[in-house]
Structure formats: structure tokens, C-alpha cells
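See below for the structure under consideration.
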Amino acid sequence: PSTYAAAGIPEHWVLDLPGRTRTVFRDPDTEAGTWGSRNTLSETQTVTPQSAPNVLLRVVDLLPPLEKKEN
């Protein structure tokens with residue numbers, strides 16, 4: 001993610017498929033290549049992209065479905 005911060009990308013999302021979370025990086029510091037904000041969201045939470053403030057996305061909608069265990 002530091003490459004994106006250094007490039008001035010305003011927001012970067014990372015999906016952790018095994019952990020079923022999404023980490024949202026915002027407020028890049030282009031000189032340091034770091035992020036001012038980092039927020040990890042569980043699959044039950046929602047987030048609004050900075051570029052689309054009227055959109056509300058559920059983390060679970062971006063994750064593959066859980067596999068059902070057979071008995």
C-alpha cells in the first residue's frame with residue numbers, strides 16, 4: 001500500500017479473503033509514502049468510497065461466499 005500512498009492515490013482497499021475483512025487506507029502522505037488513516041472492517045460492516053459518497057457498500061458483498069461444510 002505504500003506505493004499507492006506515495007503516488008497520491010486518495011484511497012486504497014485491501015481484501016483479506018481468509019480473514020473476511022477489508023482494510024481501507026485513506027489520507028496518503030506522498031512524501032513519507034504512508035497513510036493517515038487505516039481502518040479494518042469485518043464482513044458485517046459497511047463503507048462508503050470517497051469517490052462515491054452516496055454509495056454504501058457491504059464488505060460481505062465483495063467477498064466470495066462461504067463454503068458450506070458437509071456433515
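Ordering of the C-alpha cells sets the chain letters (A, B, ...); residue numbers start at 1 within each chain; ligands are numbered from 1 in the order shown.
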
TODO: Please identify which residues in chain A DSSP calls helix (DSSP H, G or I) from the backbone, and express them as a PyMOL selection string.
DONE: chain A and resi 2-6+59-62

Task: Non-local contacts of region 41-54 of chain A (8 Å; only C-alpha atoms; under 5 positions in same chain excluded) as a VMD selection string - done: chain A and resid 11 20 to 24 59 to 60

Export of the given selection (N, CA, C and O atoms) as a PDB file, in the first residue's frame:
```pdb
ATOM      1  N   GLU A  11      -7.344   6.776  -1.928  1.00  0.00           N
ATOM      2  CA  GLU A  11      -7.956   5.701  -1.138  1.00  0.00           C
ATOM      3  C   GLU A  11      -7.540   4.362  -1.734  1.00  0.00           C
ATOM      4  O   GLU A  11      -7.517   4.191  -2.954  1.00  0.00           O
ATOM      5  N   ARG A  20     -11.721 -12.559   5.925  1.00  0.00           N
ATOM      6  CA  ARG A  20     -13.036 -11.983   5.592  1.00  0.00           C
ATOM      7  C   ARG A  20     -13.159 -10.550   6.112  1.00  0.00           C
ATOM      8  O   ARG A  20     -14.139 -10.161   6.722  1.00  0.00           O
ATOM      9  N   THR A  21     -12.135  -9.747   5.821  1.00  0.00           N
ATOM     10  CA  THR A  21     -12.130  -8.333   6.184  1.00  0.00           C
ATOM     11  C   THR A  21     -11.708  -7.504   4.983  1.00  0.00           C
ATOM     12  O   THR A  21     -11.175  -8.011   4.003  1.00  0.00           O
ATOM     13  N   ARG A  22     -11.922  -6.206   5.112  1.00  0.00           N
ATOM     14  CA  ARG A  22     -11.443  -5.242   4.126  1.00  0.00           C
ATOM     15  C   ARG A  22     -10.756  -4.132   4.912  1.00  0.00           C
ATOM     16  O   ARG A  22     -11.313  -3.582   5.852  1.00  0.00           O
ATOM     17  N   THR A  23      -9.545  -3.787   4.508  1.00  0.00           N
ATOM     18  CA  THR A  23      -8.827  -2.684   5.116  1.00  0.00           C
ATOM     19  C   THR A  23      -8.872  -1.503   4.159  1.00  0.00           C
ATOM     20  O   THR A  23      -8.561  -1.648   2.968  1.00  0.00           O
ATOM     21  N   VAL A  24      -9.276  -0.355   4.678  1.00  0.00           N
ATOM     22  CA  VAL A  24      -9.397   0.862   3.890  1.00  0.00           C
ATOM     23  C   VAL A  24      -8.301   1.824   4.329  1.00  0.00           C
ATOM     24  O   VAL A  24      -8.223   2.199   5.499  1.00  0.00           O
ATOM     25  N   VAL A  59     -19.113  -5.052   3.165  1.00  0.00           N
ATOM     26  CA  VAL A  59     -17.890  -5.831   2.970  1.00  0.00           C
ATOM     27  C   VAL A  59     -18.232  -7.228   2.456  1.00  0.00           C
ATOM     28  O   VAL A  59     -17.594  -7.738   1.538  1.00  0.00           O
ATOM     29  N   VAL A  60     -19.241  -7.848   3.014  1.00  0.00           N
ATOM     30  CA  VAL A  60     -19.606  -9.216   2.633  1.00  0.00           C
ATOM     31  C   VAL A  60     -19.929  -9.330   1.141  1.00  0.00           C
ATOM     32  O   VAL A  60     -19.707 -10.378   0.538  1.00  0.00           O
TER      33      VAL A  60
END
```

Open item on the list: Between CA of Asp27 (chain A) and CA of Trp13 (chain A), what is the distance in Å, rounded to a tenth?
Closed with: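 One can read the CA of Asp27 (chain A) to CA of Trp13 (chain A) distance as 12.4 Å.
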
Task: Shortest interatomic distance to Thr40 (chain A) - which of A:Leu66, A:Leu17, A:Leu57, A:Phe25, counting only C-alpha atoms - done: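 Ranked by minimum distance to Thr40 (chain A), first place goes to A:Phe25.
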